Amino acid sequence: MTKTIITVVGKDTVGIIAKVCSYLAENKVNVEDISQTIVQGYFNMMMIADATASPKPFGEMVQDLDRIGEEIGVKIRCQHEDIFTKMHRI
Amino acid sequence: MINIFEVNETNKMIEQEKLDVRTITLGISLLDCCDADLDRLNAKIYEKITRVAKDLVSTGKAIELEFGIPIVNKRISVTPIALVGGQACKTPEDFVTIAKTLDQAARDTGVNFLGGYSALVSKGMTPADENLIRSIPLALSQTERVCSSVNIGSTKTGINMDAVKLMGEIVLETAMATKENDSLGCAKLVVFCNAPDDNPFMAGAFHGVTEADAVVNVGVSGPGVVKHALESVRGKNFEVLCETVKKTAFKVTRVGQLVAQEASERLGVPFGIVDLSLAPTPAIGDSVAGILEEMGLESVGAPGTTAALALLNDQVKKGGVMASSFVGGLSGAFIPVSEDQGMIDAVNRGALTLEKLEAMTCVCSVGLDMIAVPGSTPATTIAGIIADEAAIGMINQKTTAVRLIPVIGKDIGDMVEFGGLLGYAPIQPVNRFSCADFVNRGGRIPAPIHSFKN
């Protein structure tokens with residue numbers, strides 16, 4: 001199972017979540033959890049998603065989301081969950 | 001389940017504190033390439049390296065993309081060439097042909113450095129070893145990506161002073177052969193005592209004869225992450241300080257372990273070790289000196305520097321060993337001068353001398369590294385500096401190394417620019433008193449008493 005962490009950081013604006021989620025839906029990525037905070041006026045969101053059913057190669061998804069981020073003026077990162085669990089869980 | 005704060009912490013380390021995996025180094029054994037015919041030998045070496053490492057760079061890039069962690073270098077280390085070329089190479093020039101083959105293989109696989117143009121002569125030199133060593137100046141001046149190292153001593157064997165004397169001359173000749181480029185050749189040449197077989201870091205990486213046919217070793221880094229963590233415990237006691245370093249080293253190493261496993265799996269090559277080194281770069285905020293200064297030193301080089309470095313090195317190891325199943329290589333803190341902005345600043349303000357650096361090498365992970373000295377420094381003095389470092393390594397059962405750059409045509413106060421990760425450095429003064437009669441004695445320094453553990 002490919003658990004994916006998607007983070008969005010940037011200036012808050014209308015439709016950020018909608019844009020990211022519609023991309024994920026199109027590519028058959030299931031969103032399992034969303035948490036969000038505003039830090040010093042900056043929008044800060046994290047999604048835990050399951051990309052197992054997605055036909056899209058992971059590397060391409062990373063690049064697509066990066067591009068979408070650029071279009072709406074936020075930074076979107078899409079990373080394998082492992083880097084976080086390895087670092088923060090024994 | 002992982003939470004947003006943990007995710008943000010990791011990403012902040014990567015984006016703002018310059019956490020990266022410094023290198024994935026693919027070790028490749030060339031022992032099966034040995035041949036009596038030089039052309040055939042070169043062809044076999046080229047074929048094996050380009051075959052085994054063909055996916056190294058693309059795999060590294062894929063991991064980088066998918067995990068969102070920069071992997072700065074993809075590199076190759078090979079069996080010490082003195083062993084591989086012994087049968088075919090009768091002259092130093094013969095060995096240079098292999099250096100050129102290695103350079104071509106490095107270009108064609110897309111790696112930025114290939115290490116292993118090496119000889120292991122801690123007790124004595126074979127004719128092949130000597131020919132390889134004598135070929136180093138020509139080899140490094142005629143290639144771009146090849147790195148060379150020579151192991152001239154160990155705790156088990158003592159110090160080969162004939163080789164030390166020769167290396168003093170070779171370092172100077174290499175400087176001369178590359179004088180148009182500020183003696184850059186010397187930045188690709190390391191003289192070791194107790195060289196490890198599995199070091200992934202250049203310029204001293206080679207694939208030891210104790211290793212498997214191919215192996216993936218990973219070098220992590222992250223001085224900026226440690227420095228940032230220490231900023232939150234300013235003024236706290238040593239227990240808190242040590243705990244903070246240890247916890248940070250754990251986190252950094254876990255990333256290295258993950259990348260090593262992924263690379264090993266995707267390349268179909270066994271995982272070797274993770275090297276826990278804190279390797280600085282000239283980038284602001286990526287400095288080992290910065291960590292020591294954060295601990296409370298006005299400048300690196302001030303009294304207390306050696307103690308600060310000792311505790312840093314030890315805590316990095318303590319945090320790191322739990323994070324990885326196999327730890328090896330050099331593991332600790334590197335203190336290269338030209339590659340660390342904080343070290344450069346300390347030399348410029350007169351706080352850090354060659355002698356203090358030597359003291360620091362007793363407790364850091366390697367040795368005198370990337371230090372520019374006047375081009376007029378005599379070969380015997382360079383040999384004396386190598387002998388001093390080797391003695392520290394031999395007696396303390398640790399790896400030590402010397403990577404000095406006598407910059408031809410430059411003197412104290414001048415600056416030298418190496419470019420990229422190699423950085424820039426001010427030319428530092430060297431003690432002007434001679435050790436020629438000592439170095440010229442010839443022979444070996446016997447192994448120390450505590451090496452006899454049988």
# chains A, B, ... in the order shown; residues from 1 in each chain; ligands from 1
$ residues_around --residues "segment 10-15 of chain A" --least-positions-apart "2" --cutoff "10 Å" --atoms "only C-alpha atoms" --output "number ranges by chain"
A: 8, 17-21, 38-45, 69, 72-76
$ closest_atom_pairs --of "chain B" --to "chain A" --cutoff "9 Å" --atoms "only C-alpha atoms" --output "Markdown table"
| residue | atom | partner | partner_atom | distance |
| --- | --- | --- | --- | --- |
| B:Met1 | CA | A:Thr85 | CA | 8.4 |
| B:Ile2 | CA | A:Thr85 | CA | 6.6 |
| B:Asn3 | CA | A:Ser35 | CA | 8.2 |
| B:Ile4 | CA | A:Met46 | CA | 6.0 |
| B:Glu6 | CA | A:His88 | CA | 7.0 |
| B:Val7 | CA | A:Phe84 | CA | 6.3 |
| B:Asn8 | CA | A:Thr7 | CA | 8.5 |
| B:Thr10 | CA | A:Phe84 | CA | 6.8 |
| B:Ala62 | CA | A:Gly59 | CA | 6.8 |
| B:Ile63 | CA | A:Gly59 | CA | 8.8 |
| B:Leu65 | CA | A:Gly59 | CA | 6.2 |
| B:Glu66 | CA | A:Gln79 | CA | 5.5 |
| B:Phe67 | CA | A:Gln79 | CA | 4.7 |
| B:Gly68 | CA | A:Gln79 | CA | 5.7 |
| B:Ile69 | CA | A:Ile83 | CA | 8.5 |
| B:Phe250 | CA | A:Met87 | CA | 7.8 |
| B:Lys251 | CA | A:Met87 | CA | 4.9 |
| B:Val252 | CA | A:Met87 | CA | 7.4 |
| B:Thr253 | CA | A:Met87 | CA | 8.3 |
| B:Arg254 | CA | A:Met87 | CA | 5.5 |
| B:Val255 | CA | A:Ile83 | CA | 6.3 |
| B:Gln257 | CA | A:Lys86 | CA | 8.7 |
| B:Leu258 | CA | A:Ile83 | CA | 7.1 |
| B:Val259 | CA | A:Ile83 | CA | 8.8 |
| B:Ala323 | CA | A:Ile90 | CA | 8.5 |
$ select_by_dssp --residues "segment 27-165 of chain B" --states "alpha helix (DSSP H)" --output "MDAnalysis selection string"
chainID B and resid 38:52 56:67 81:84 92:109 127:142 161:165
$ select_by_dssp --residues "segment 279-396 of chain B" --states "strand (DSSP E or B)" --output "list in words"
Val327, Ala333, Pro336, Leu368, Asp369, Met370, Ile371, Ala372, Val373 and Pro374 of chain B
$ residues_around --residues "segment 423-437 of chain B" --least-positions-apart "2" --cutoff "10 Å" --atoms "only C-alpha atoms" --output "ChimeraX atom specification"
/B:165,281-283,336-341,343-345,347-348,350,352-355,370-375,377-385,405-407,410-421,439-442
$ atom_distance --atom1 "atom CA of Glu9 of chain B" --atom2 "atom CA of Glu32 of chain A"
21.1 Å
$ closest_residue --among "B:Val245, B:Val171, B:Ala99, B:Ile159" --to "Cys147 of chain B" --atoms "only C-alpha atoms"
B:Ala99
$ residues_around --residues "segment 212-228 of chain B" --least-positions-apart "5" --cutoff "8 Å" --atoms "only C-alpha atoms" --output "PyMOL selection string"
chain B and resi 13+17-29+52+198-201+245+248-249+252-253+255-257+259-260+263-264+269-280+285-288+290-291+294
$ atom_distance --atom1 "atom CA of Pro448 of chain B" --atom2 "atom CA of Leu83 of chain B"
26.9 Å
